[in-house]
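Novice: To be precise about what I am sending: the file is called structure.tsv and holds TSV, C-alpha atoms and all ligand atoms.
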```tsv
chain	number	residue	atom	x	y	z
F	248	MET	CA	-61.42	-40.06	-53.11
F	249	VAL	CA	-60.64	-37.36	-50.58
F	250	ARG	CA	-63.38	-36.93	-48.06
F	251	CYS	CA	-63.88	-33.33	-47.04
F	252	TRP	CA	-65.03	-33.01	-43.48
F	253	PRO	CA	-65.92	-29.67	-41.96
F	254	SER	CA	-64.27	-28.51	-38.80
F	255	CYS	CA	-66.14	-28.34	-35.51
F	256	ARG	CA	-66.41	-24.57	-35.74
F	257	GLU	CA	-67.89	-24.80	-39.22
F	258	ILE	CA	-70.31	-27.47	-38.08
F	259	VAL	CA	-71.29	-25.24	-35.22
F	260	ARG	CA	-71.94	-22.32	-37.56
F	261	MET	CA	-74.00	-24.46	-39.89
F	262	LEU	CA	-75.94	-26.03	-37.08
F	263	GLY	CA	-76.56	-22.57	-35.71
F	264	ASP	CA	-78.07	-21.65	-39.06
F	265	THR	CA	-80.02	-24.88	-39.17
F	266	MET	CA	-81.43	-24.44	-35.71
F	267	ARG	CA	-82.94	-21.13	-36.72
F	268	LEU	CA	-84.91	-22.69	-39.57
F	269	PRO	CA	-88.62	-22.90	-38.79
F	270	LEU	CA	-88.67	-26.31	-40.46
F	271	LEU	CA	-86.93	-27.81	-37.49
F	272	ALA	CA	-89.63	-26.58	-35.19
F	273	VAL	CA	-91.80	-29.28	-36.73
F	274	ALA	CA	-91.17	-32.97	-36.16
F	275	ALA	CA	-87.41	-33.23	-36.25
F	276	THR	CA	-86.68	-30.99	-33.28
F	277	ARG	CA	-86.36	-33.92	-30.93
F	278	VAL	CA	-83.44	-35.46	-32.72
F	279	CYS	CA	-81.99	-32.63	-34.73
F	280	VAL	CA	-79.49	-31.50	-32.16
F	281	ALA	CA	-77.77	-34.80	-31.78
F	282	VAL	CA	-77.66	-35.92	-35.33
F	283	THR	CA	-77.14	-32.79	-37.32
F	284	VAL	CA	-73.48	-32.58	-36.40
F	285	CYS	CA	-72.74	-35.93	-37.94
F	286	VAL	CA	-75.02	-35.40	-40.91
F	287	LEU	CA	-73.25	-32.21	-41.71
F	288	CYS	CA	-69.93	-33.94	-41.25
F	289	SER	CA	-70.74	-36.26	-44.09
F	290	SER	CA	-72.52	-33.82	-46.33
F	291	PRO	CA	-70.70	-32.77	-49.51
F	292	ALA	CA	-72.69	-29.56	-49.46
F	293	ALA	CA	-71.34	-28.83	-46.02
F	294	ALA	CA	-67.82	-29.57	-47.10
F	295	GLN	CA	-68.09	-27.11	-49.93
F	296	ARG	CA	-68.55	-24.33	-47.46
F	297	ILE	CA	-65.05	-24.70	-46.11
F	298	ASP	CA	-61.88	-23.64	-47.79
F	299	TYR	CA	-59.25	-25.57	-45.89
F	300	SER	CA	-56.50	-23.92	-47.89
F	301	LYS	CA	-57.27	-20.74	-45.97
F	302	LEU	CA	-57.13	-22.31	-42.51
F	303	GLU	CA	-53.90	-21.91	-40.59
F	304	ILE	CA	-52.63	-24.00	-37.72
F	305	LYS	CA	-51.66	-22.03	-34.65
F	306	THR	CA	-48.95	-23.76	-32.62
F	307	THR	CA	-48.80	-23.06	-28.88
F	308	ASP	CA	-45.96	-24.35	-26.71
F	309	LEU	CA	-47.51	-25.80	-23.53
F	310	GLY	CA	-44.14	-26.83	-22.08
F	311	HIS	CA	-42.33	-30.13	-21.51
F	312	GLY	CA	-42.43	-30.96	-25.22
F	313	VAL	CA	-46.21	-30.63	-25.55
F	314	TYR	CA	-47.65	-28.32	-28.21
F	315	LEU	CA	-51.22	-27.42	-29.07
F	316	LEU	CA	-52.02	-27.38	-32.80
F	317	GLY	CA	-55.15	-25.26	-33.11
F	318	TRP	CA	-57.05	-24.92	-36.40
F	319	GLN	CA	-60.67	-24.06	-35.53
F	320	GLY	CA	-61.67	-27.71	-35.35
F	321	GLY	CA	-60.74	-30.81	-33.38
F	322	ASP	CA	-57.53	-29.36	-32.02
F	323	SER	CA	-54.50	-31.63	-31.89
F	324	LEU	CA	-51.72	-32.01	-29.34
F	325	ILE	CA	-48.23	-33.29	-29.96
F	326	LEU	CA	-45.59	-34.55	-27.57
F	327	VAL	CA	-42.12	-34.21	-29.05
F	328	GLY	CA	-39.30	-36.52	-28.01
F	329	ASP	CA	-35.77	-37.31	-29.21
F	330	ASP	CA	-36.96	-40.32	-31.18
F	331	GLY	CA	-40.30	-39.24	-32.46
F	332	VAL	CA	-43.63	-37.55	-31.99
F	333	LEU	CA	-46.85	-38.62	-30.27
F	334	LEU	CA	-49.89	-37.00	-31.90
F	335	VAL	CA	-53.32	-36.65	-30.32
F	336	ASP	CA	-55.99	-36.39	-33.06
F	337	THR	CA	-55.26	-36.08	-36.75
F	338	SER	CA	-57.88	-33.47	-37.84
F	339	VAL	CA	-59.88	-33.71	-41.05
F	340	ALA	CA	-58.30	-35.32	-44.12
F	341	PRO	CA	-57.72	-32.05	-46.01
F	342	MET	CA	-55.80	-30.65	-43.04
F	343	GLY	CA	-53.40	-33.60	-42.83
F	344	ASP	CA	-50.60	-31.91	-44.75
F	345	LYS	CA	-50.88	-28.80	-42.59
F	346	ILE	CA	-50.64	-30.91	-39.45
F	347	LYS	CA	-47.51	-32.51	-40.91
F	348	THR	CA	-46.02	-29.11	-41.67
F	349	ALA	CA	-46.83	-27.81	-38.21
F	350	ILE	CA	-45.15	-30.83	-36.63
F	351	ALA	CA	-42.10	-30.38	-38.88
F	352	ARG	CA	-41.66	-26.85	-37.52
F	353	VAL	CA	-40.94	-28.21	-34.05
F	354	SER	CA	-39.49	-31.66	-34.79
F	355	ASP	CA	-37.76	-33.46	-37.65
F	356	LYS	CA	-38.63	-36.82	-36.11
F	357	PRO	CA	-41.36	-39.15	-37.40
F	358	ILE	CA	-44.80	-39.58	-35.89
F	359	ARG	CA	-44.53	-42.73	-33.76
F	360	LEU	CA	-47.89	-42.85	-32.04
F	361	ILE	CA	-51.32	-41.41	-32.77
F	362	ILE	CA	-54.17	-41.24	-30.27
F	363	ASN	CA	-57.71	-40.59	-31.51
F	364	THR	CA	-59.82	-39.06	-28.75
F	365	HIS	CA	-63.19	-39.88	-30.36
F	366	ALA	CA	-64.88	-40.89	-33.59
F	367	HIS	CA	-65.87	-37.50	-34.92
F	368	ALA	CA	-64.27	-36.90	-38.26
F	369	ASP	CA	-62.28	-33.85	-37.22
F	370	HIS	CA	-60.37	-36.10	-34.81
F	371	PHE	CA	-59.54	-39.06	-37.06
F	372	GLY	CA	-59.94	-37.76	-40.62
F	373	ALA	CA	-56.24	-37.67	-41.51
F	374	ASN	CA	-55.35	-40.97	-39.80
F	375	GLU	CA	-54.41	-42.75	-43.00
F	376	ALA	CA	-52.07	-40.01	-44.24
F	377	LEU	CA	-50.41	-39.36	-40.89
F	378	ALA	CA	-49.92	-43.03	-39.96
F	379	LYS	CA	-48.32	-43.84	-43.31
F	380	GLY	CA	-44.80	-43.64	-41.87
F	381	GLY	CA	-45.55	-46.53	-39.54
F	382	ALA	CA	-47.20	-44.84	-36.56
F	383	GLY	CA	-49.41	-46.96	-34.34
F	384	ILE	CA	-52.93	-45.65	-33.73
F	385	ILE	CA	-54.42	-45.98	-30.24
F	386	ALA	CA	-58.07	-45.45	-29.33
F	387	HIS	CA	-60.96	-46.80	-27.32
F	388	ASP	CA	-62.49	-50.12	-28.41
F	389	ASN	CA	-65.74	-48.45	-29.48
F	390	LEU	CA	-63.95	-45.95	-31.69
F	391	ARG	CA	-62.40	-48.66	-33.81
F	392	GLU	CA	-65.73	-50.38	-34.12
F	393	ARG	CA	-67.51	-47.19	-35.20
F	394	MET	CA	-64.81	-46.35	-37.74
F	395	ALA	CA	-64.71	-49.89	-39.09
F	396	LYS	CA	-68.47	-50.30	-39.43
F	397	GLY	CA	-69.46	-46.77	-40.30
F	398	GLN	CA	-72.47	-45.15	-38.70
F	399	TYR	CA	-76.13	-44.80	-39.59
F	400	LEU	CA	-77.99	-41.62	-38.67
F	401	ALA	CA	-81.65	-42.46	-38.84
F	402	ALA	CA	-83.34	-39.08	-38.62
F	403	PHE	CA	-81.61	-37.90	-41.77
F	404	ASN	CA	-81.25	-41.33	-43.31
F	405	GLN	CA	-77.52	-40.70	-43.61
F	406	THR	CA	-74.80	-43.26	-43.60
F	407	ILE	CA	-71.21	-42.42	-42.69
F	408	PRO	CA	-69.08	-44.92	-44.59
F	409	PRO	CA	-66.61	-47.30	-42.95
F	410	SER	CA	-63.00	-46.09	-42.78
F	411	VAL	CA	-60.31	-47.78	-44.84
F	412	PRO	CA	-58.27	-50.38	-42.89
F	413	ALA	CA	-55.13	-48.20	-42.95
F	414	ALA	CA	-56.97	-45.51	-40.99
F	415	LEU	CA	-58.15	-47.81	-38.19
F	416	PRO	CA	-56.59	-47.94	-34.71
F	417	THR	CA	-54.00	-50.67	-34.28
F	418	VAL	CA	-54.23	-50.76	-30.48
F	419	THR	CA	-57.47	-50.37	-28.54
F	420	TYR	CA	-58.30	-50.39	-24.85
F	421	ALA	CA	-61.41	-50.61	-22.65
F	422	ASP	CA	-61.04	-48.48	-19.50
F	423	ALA	CA	-57.58	-46.97	-19.12
F	424	LEU	CA	-54.10	-47.18	-20.60
F	425	THR	CA	-50.75	-45.65	-19.70
F	426	ILE	CA	-48.16	-44.74	-22.32
F	427	HIS	CA	-44.57	-43.87	-21.44
F	428	PHE	CA	-43.17	-41.65	-24.17
F	429	ALA	CA	-40.27	-39.20	-24.24
F	430	GLY	CA	-40.02	-39.09	-20.46
F	431	GLU	CA	-43.72	-38.22	-20.16
F	432	THR	CA	-46.44	-40.34	-18.62
F	433	VAL	CA	-49.50	-40.16	-20.84
F	434	GLN	CA	-52.60	-41.58	-19.21
F	435	LEU	CA	-55.69	-42.46	-21.21
F	436	PHE	CA	-59.07	-42.71	-19.50
F	437	HIS	CA	-62.40	-43.68	-21.04
F	438	PRO	CA	-65.42	-41.87	-19.59
F	439	PRO	CA	-68.42	-43.95	-20.71
F	440	ASN	CA	-71.15	-42.28	-22.80
F	441	ALA	CA	-69.96	-38.69	-22.44
F	442	HIS	CA	-69.35	-36.58	-25.60
F	443	THR	CA	-69.66	-39.93	-27.45
F	444	ASP	CA	-69.44	-43.60	-26.40
F	445	ASN	CA	-65.78	-43.78	-27.42
F	446	ASP	CA	-64.07	-40.83	-25.73
F	447	THR	CA	-60.53	-40.84	-24.45
F	448	LEU	CA	-59.35	-38.24	-21.95
F	449	VAL	CA	-55.60	-37.81	-22.46
F	450	HIS	CA	-53.61	-36.66	-19.45
F	451	PHE	CA	-50.01	-35.51	-19.90
F	452	LYS	CA	-48.90	-35.69	-16.28
F	453	ARG	CA	-45.59	-33.82	-16.42
F	454	ALA	CA	-46.86	-31.11	-18.77
F	455	ASN	CA	-50.09	-30.86	-16.74
F	456	VAL	CA	-52.31	-30.87	-19.81
F	457	ILE	CA	-55.56	-32.79	-20.41
F	458	HIS	CA	-57.22	-33.29	-23.80
F	459	ALA	CA	-60.93	-33.32	-22.99
F	460	SER	CA	-62.18	-35.21	-26.07
F	461	GLY	CA	-65.02	-32.74	-26.54
F	462	THR	CA	-66.32	-33.10	-22.98
F	463	ILE	CA	-65.86	-29.40	-22.26
F	464	GLY	CA	-67.19	-26.59	-24.46
F	465	GLY	CA	-64.81	-24.76	-26.77
F	466	ASP	CA	-64.02	-21.17	-25.76
F	467	GLY	CA	-65.86	-21.64	-22.47
F	468	GLY	CA	-69.25	-22.28	-24.06
F	469	TYR	CA	-71.87	-24.88	-23.23
F	470	PRO	CA	-70.47	-28.34	-23.93
F	471	PHE	CA	-72.06	-30.56	-26.55
F	472	PHE	CA	-72.74	-34.28	-26.43
F	473	ASP	CA	-73.66	-36.38	-29.43
F	474	MET	CA	-76.39	-38.82	-28.54
F	475	SER	CA	-76.34	-40.42	-31.99
F	476	SER	CA	-72.78	-41.48	-31.12
F	477	GLY	CA	-73.72	-42.71	-27.67
F	478	GLY	CA	-73.06	-39.47	-25.76
F	479	SER	CA	-75.13	-38.51	-22.71
F	480	PHE	CA	-75.69	-35.64	-20.31
F	481	ALA	CA	-74.89	-37.71	-17.22
F	482	GLY	CA	-71.71	-39.01	-18.86
F	483	MET	CA	-70.49	-35.47	-19.48
F	484	ILE	CA	-70.68	-34.76	-15.75
F	485	VAL	CA	-68.76	-37.95	-14.98
F	486	ALA	CA	-66.11	-36.99	-17.55
F	487	GLU	CA	-65.72	-33.49	-16.13
F	488	ASP	CA	-65.51	-34.94	-12.60
F	489	LYS	CA	-62.77	-37.27	-13.80
F	490	MET	CA	-60.79	-34.39	-15.26
F	491	LEU	CA	-61.22	-32.40	-12.05
F	492	SER	CA	-59.79	-35.34	-10.12
F	493	LEU	CA	-56.68	-35.17	-12.33
F	494	ALA	CA	-56.28	-31.40	-12.37
F	495	ASP	CA	-54.67	-28.81	-10.15
F	496	ASP	CA	-54.98	-25.05	-10.43
F	497	LYS	CA	-52.41	-24.87	-13.22
F	498	THR	CA	-53.80	-27.58	-15.51
F	499	ARG	CA	-54.60	-26.63	-19.11
F	500	ILE	CA	-57.66	-28.41	-20.50
F	501	ILE	CA	-57.94	-28.75	-24.27
F	502	ALA	CA	-61.42	-28.42	-25.76
F	503	ASP	CA	-62.13	-29.03	-29.43
F	504	GLU	CA	-61.13	-25.48	-30.21
F	505	GLY	CA	-60.16	-22.20	-28.65
F	506	GLU	CA	-57.70	-21.38	-25.91
F	507	PRO	CA	-57.03	-24.07	-23.30
F	508	ALA	CA	-59.56	-23.92	-20.47
F	509	THR	CA	-58.53	-23.47	-16.86
F	510	THR	CA	-59.47	-25.77	-14.01
F	511	GLU	CA	-61.69	-22.97	-12.73
F	512	THR	CA	-63.66	-23.00	-15.99
F	513	LEU	CA	-63.88	-26.78	-15.88
F	514	LYS	CA	-65.24	-26.67	-12.34
F	515	ALA	CA	-67.76	-23.99	-13.28
F	516	SER	CA	-68.86	-26.11	-16.25
F	517	ARG	CA	-69.31	-29.16	-14.05
F	518	ASP	CA	-71.28	-27.18	-11.44
F	519	MET	CA	-73.49	-25.71	-14.16
F	520	LEU	CA	-74.19	-29.17	-15.61
F	521	VAL	CA	-75.04	-30.61	-12.19
F	522	ALA	CA	-77.44	-27.77	-11.45
F	523	LEU	CA	-79.02	-27.98	-14.89
F	524	ARG	CA	-79.46	-31.72	-14.59
F	525	ALA	CA	-81.45	-31.24	-11.39
F	526	ARG	CA	-83.64	-28.57	-12.97
F	527	VAL	CA	-84.38	-30.51	-16.16
F	528	GLN	CA	-84.89	-33.77	-14.28
F	529	LYS	CA	-87.52	-32.01	-12.19
F	530	LEU	CA	-89.30	-30.91	-15.37
F	531	VAL	CA	-89.14	-34.47	-16.71
F	532	ASP	CA	-90.48	-35.84	-13.42
F	533	GLU	CA	-93.34	-33.34	-13.55
F	534	GLY	CA	-94.35	-34.78	-16.90
F	535	ARG	CA	-93.51	-31.67	-18.92
F	536	SER	CA	-93.04	-32.05	-22.65
F	537	GLU	CA	-89.76	-31.08	-24.28
F	538	ASP	CA	-91.23	-27.80	-25.54
F	539	GLN	CA	-92.65	-27.06	-22.10
F	540	ALA	CA	-89.22	-27.72	-20.59
F	541	VAL	CA	-87.66	-25.25	-23.03
F	542	ALA	CA	-90.38	-22.70	-22.24
F	543	ALA	CA	-89.51	-22.99	-18.55
F	544	ARG	CA	-86.02	-21.69	-19.44
F	545	PRO	CA	-83.99	-23.69	-16.91
F	546	THR	CA	-80.76	-22.21	-18.30
F	547	ARG	CA	-81.90	-18.62	-17.84
F	548	ASP	CA	-79.22	-17.60	-15.34
F	549	PHE	CA	-76.48	-19.63	-17.08
F	550	ASP	CA	-76.81	-18.25	-20.58
F	551	ALA	CA	-74.88	-15.03	-20.05
F	552	ARG	CA	-71.76	-17.02	-19.26
F	553	TRP	CA	-72.14	-20.13	-21.41
F	554	VAL	CA	-73.67	-18.89	-24.65
F	555	HIS	CA	-71.11	-17.40	-26.96
F	556	GLN	CA	-71.49	-15.87	-30.37
F	557	GLY	CA	-70.95	-18.54	-32.99
F	558	ASN	CA	-71.61	-21.36	-30.52
F	559	PHE	CA	-74.64	-23.35	-31.64
F	560	VAL	CA	-75.36	-24.62	-28.13
F	561	THR	CA	-77.75	-21.97	-26.92
F	562	GLY	CA	-79.62	-22.27	-23.63
F	563	ASP	CA	-82.64	-23.75	-25.42
F	564	THR	CA	-80.45	-26.23	-27.29
F	565	MET	CA	-78.82	-27.24	-24.04
F	566	THR	CA	-82.24	-27.78	-22.48
F	567	ARG	CA	-83.35	-29.96	-25.40
F	568	LEU	CA	-80.16	-32.01	-25.22
F	569	ALA	CA	-80.53	-32.45	-21.47
F	570	TYR	CA	-84.22	-33.31	-21.71
F	571	GLN	CA	-83.72	-35.90	-24.43
F	572	SER	CA	-80.81	-37.49	-22.63
F	573	LEU	CA	-82.41	-37.58	-19.19
F	574	LYS	CA	-85.62	-38.99	-20.65
F	575	GLY	CA	-83.65	-41.69	-22.42
F	576	ILE	CA	-84.69	-40.68	-25.93
F	577	ARG	CA	-82.22	-42.24	-28.33
F	578	PRO	CA	-81.96	-41.89	-32.08
F	579	PRO	CA	-82.40	-45.19	-33.95
F	580	THR	CA	-79.12	-46.82	-34.84
F	581	ARG	CA	-80.08	-48.66	-38.02
F	582	PRO	CA	-82.35	-48.23	-41.06
F	601	ZN	ZN	-66.63	-34.31	-31.18
```
Once more with this new file: its structure as structure tokens, please.

Specialist:
Amino acid sequence: MVRCWPSCREIVRMLGDTMRLPLLAVAATRVCVAVTVCVLCSSPAAAQRIDYSKLEIKTTDLGHGVYLLGWQGGDSLILVGDDGVLLVDTSVAPMGDKIKTAIARVSDKPIRLIINTHAHADHFGANEALAKGGAGIIAHDNLRERMAKGQYLAAFNQTIPPSVPAALPTVTYADALTIHFAGETVQLFHPPNAHTDNDTLVHFKRANVIHASGTIGGDGGYPFFDMSSGGSFAGMIVAEDKMLSLADDKTRIIADEGEPATTETLKASRDMLVALRARVQKLVDEGRSEDQAVAARPTRDFDARWVHQGNFVTGDTMTRLAYQSLKGIRPPTRP
């Protein structure tokens, strides 16, 4: 059975639609933001809305053998060497062949290593197909566990099935790992509880490129964190601080989609998150309800920059995410 997972952009569109439904203004508002992404990931109805045959992969040369493979979803990176290719994120299963074709355009060597940045399906969906030639798969400890066990999303009573053994990481790590490949030093860092609880920031030192594992918003929008997968508002700030500590003014930062972000954008995102945290924390401390916090519009002066057309994370959504995270509201993890 081929599982059809929607891309991040498609999820964002659908969630944007969903968030406008009055139904969600009722009881589910509290949890809808965090869980709907994953629910839609596993929904056949959602998958039917995407025609992957029409999606094209755009290859961008970032220098020093590193290429960005962009396809409107969990964008991949490759590092091309004389003996093989290192691939960061495998995309959704139906895009696997296109990823292979895109790699073949710049290298006739096999995929040797795969890194999964986090356990959202547009980052590991084609693992099985792309590792078939013998590539090792590297990821954070929690990612393997989530893939192996599957995930339960309580608010929608949805279960994401366990991955087949051939798709699972073969090497996992806890805090940090350094890979030496094709003359490049590739450093992996785990920021705890950021976009998810299993993120890996991937730093290509020579090429001066960082894959952000979803911890920065695509196309310069508000970033999203998935609390049903262990993500948190505070963790996003820590992750962005970590990337800033690695970056200089020429670093390219890879979000899930869109053009690479600059260090300036990353710093602006971090500063916005820090300011927003203080504002929402104040509302929490004052005993305001979630709806009252939204009504206070703490993102008012940020929205012009960080809300983009097609991006589901509006100012109000960002406030709800921040409120829920800072108040420690967590979706249940089992039936
Ligand atoms: Zn993600």

Novice: What's the separation between CA of Leu493 in chain F and CA of Thr509 in chain F, in Å to one decimal place?

Specialist: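 Atom-to-atom, CA of Leu493 in chain F to CA of Thr509 in chain F, that is 12.7 Å.
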
Novice: Report as an NGL selection string all protein, DNA and RNA residues lying within 12 Å of Lys489 in chain F, evaluated on all atoms listed in the file, omitting residues in the same chain fewer than 6 positions from it.

Specialist: :F and (435-439 or 441 or 447-450 or 457 or 459 or 462-463 or 482-483 or 510 or 513-514 or 517)

Novice: Go ahead and find all residues with at least one atom no further than 6 Å from (-55.1, -41.9, -35.5) in the file's coordinates, using all atoms listed in the file; report them as a list in words.

Specialist: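 Protein, DNA and RNA residues close to (-55.1, -41.9, -35.5): Thr337, Ile361, Ile362, Asn363, Phe371, Asn374 and Ile384 of chain F.
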
Novice: Return as a VMD selection string the residues of protein, DNA or RNA that approach ligand ZN 601 (chain F) to within 9 Å, with all atoms listed in the file taken into account.

Specialist: chain F and resid 255 284 321 364 to 370 442 to 443 446 460 to 462 471 to 473 503

Novice: What separation in Å, quoted to one decimal, exists between CA of Ala508 in chain F and CA of Ala378 in chain F?

Specialist: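 CA of Ala378 in chain F lies at a distance of 28.9 Å from CA of Ala508 in chain F.
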
Novice: Could you write out as JSON the box around range 491-506 of chain F (axis-aligned, all atoms listed in the file, 8 Å on each side), with centre and edge lengths in Å to one decimal?

Specialist:
```
{"center_x": -57.3, "center_y": -28.4, "center_z": -20.2, "size_x": 25.7, "size_y": 30.0, "size_z": 36.1}
```

Novice: For Gly562 in chain F, find every residue with an atom within 12 Å (counting only C-alpha atoms), except residues of its own chain fewer than 3 positions away, and show them as a compact mmCIF listing (two decimals) with C-alpha atoms, keeping the file's coordinate frame.

Specialist:
```
# COMPACT_ATOMS: atom_id res chain seq x y z
CA GLY F 468 -69.25 -22.28 -24.06
CA TYR F 469 -71.87 -24.88 -23.23
CA PRO F 470 -70.47 -28.34 -23.93
CA PHE F 471 -72.06 -30.56 -26.55
CA MET F 519 -73.49 -25.71 -14.16
CA LEU F 520 -74.19 -29.17 -15.61
CA LEU F 523 -79.02 -27.98 -14.89
CA ALA F 540 -89.22 -27.72 -20.59
CA VAL F 541 -87.66 -25.25 -23.03
CA ALA F 542 -90.38 -22.70 -22.24
CA ALA F 543 -89.51 -22.99 -18.55
CA ARG F 544 -86.02 -21.69 -19.44
CA PRO F 545 -83.99 -23.69 -16.91
CA THR F 546 -80.76 -22.21 -18.30
CA ARG F 547 -81.90 -18.62 -17.84
CA ASP F 548 -79.22 -17.60 -15.34
CA PHE F 549 -76.48 -19.63 -17.08
CA ASP F 550 -76.81 -18.25 -20.58
CA ALA F 551 -74.88 -15.03 -20.05
CA ARG F 552 -71.76 -17.02 -19.26
CA TRP F 553 -72.14 -20.13 -21.41
CA VAL F 554 -73.67 -18.89 -24.65
CA HIS F 555 -71.11 -17.40 -26.96
CA ASN F 558 -71.61 -21.36 -30.52
CA PHE F 559 -74.64 -23.35 -31.64
CA MET F 565 -78.82 -27.24 -24.04
CA THR F 566 -82.24 -27.78 -22.48
CA ARG F 567 -83.35 -29.96 -25.40
CA LEU F 568 -80.16 -32.01 -25.22
CA ALA F 569 -80.53 -32.45 -21.47
```

Novice: Select all residues near (-50.6, -35.6, -34.6) (cut-off 6 Å, inclusive, file coordinates), counting all atoms listed in the file, and output them as a PDB file with C-alpha atoms, keeping the file's coordinate frame.

Specialist:
```
ATOM      1  CA  ILE F 325     -48.230 -33.290 -29.960  1.00  0.00           C
ATOM      2  CA  LEU F 334     -49.890 -37.000 -31.900  1.00  0.00           C
ATOM      3  CA  VAL F 335     -53.320 -36.650 -30.320  1.00  0.00           C
ATOM      4  CA  ASP F 336     -55.990 -36.390 -33.060  1.00  0.00           C
ATOM      5  CA  THR F 337     -55.260 -36.080 -36.750  1.00  0.00           C
TER       6      THR F 337
END
```

Novice: So how many Å separate CA of Thr498 in chain F and CA of Val353 in chain F, to one decimal?

Specialist: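 Rounded to one decimal, the two atoms are 22.6 Å apart.
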
Novice: Can you list, as a count of residues only, every protein, DNA or RNA residue that comes within 8 Å of Asp466 in chain F when you count all atoms listed in the file, leaving out same-chain residues fewer than 5 positions away?

Specialist: 6

Novice: Closest to Gly328 in chain F among F:Gly478, F:Gly430, F:Gly310, F:Pro578, using only C-alpha atoms?

Specialist: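 Smallest separation from Gly328 in chain F among the options: F:Gly430.
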
Novice: Pick from F:Gly397, F:Pro579, F:Pro412, F:Gly557: nearest to Met474 in chain F, with all atoms listed in the file counted?

Specialist: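 Ranked by minimum distance to Met474 in chain F, first place goes to F:Pro579.
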
Novice: Out of F:Lys345, F:Leu573, F:Lys452, F:Arg352, which residue has the shortest atom-to-atom distance to Leu530 in chain F when counting only C-alpha atoms?

Specialist: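 Among the listed residues, F:Leu573 lies closest to Leu530 in chain F.
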
Novice: Closest to Lys305 in chain F among F:Thr432, F:Ala395, F:Ile346, F:Val332, using all atoms listed in the file?

Specialist: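 Once distances to Lys305 in chain F are computed over all atoms listed in the file, the minimum belongs to F:Ile346.
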
Novice: With distances taken over only C-alpha atoms, which of F:Ala349, F:Leu309, F:Ile385, F:Val339 is nearest to Thr425 in chain F?

Specialist: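 Using only C-alpha atoms, Thr425 in chain F sits closest to F:Ile385.
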
Novice: Give the answer as one residue: which of F:Thr406, F:Gln539, F:Ser516, F:Asn389 has the shortest atom-to-atom distance to Gly467 in chain F, using all atoms listed in the file?

Specialist: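 Among the listed residues, F:Ser516 lies closest to Gly467 in chain F.
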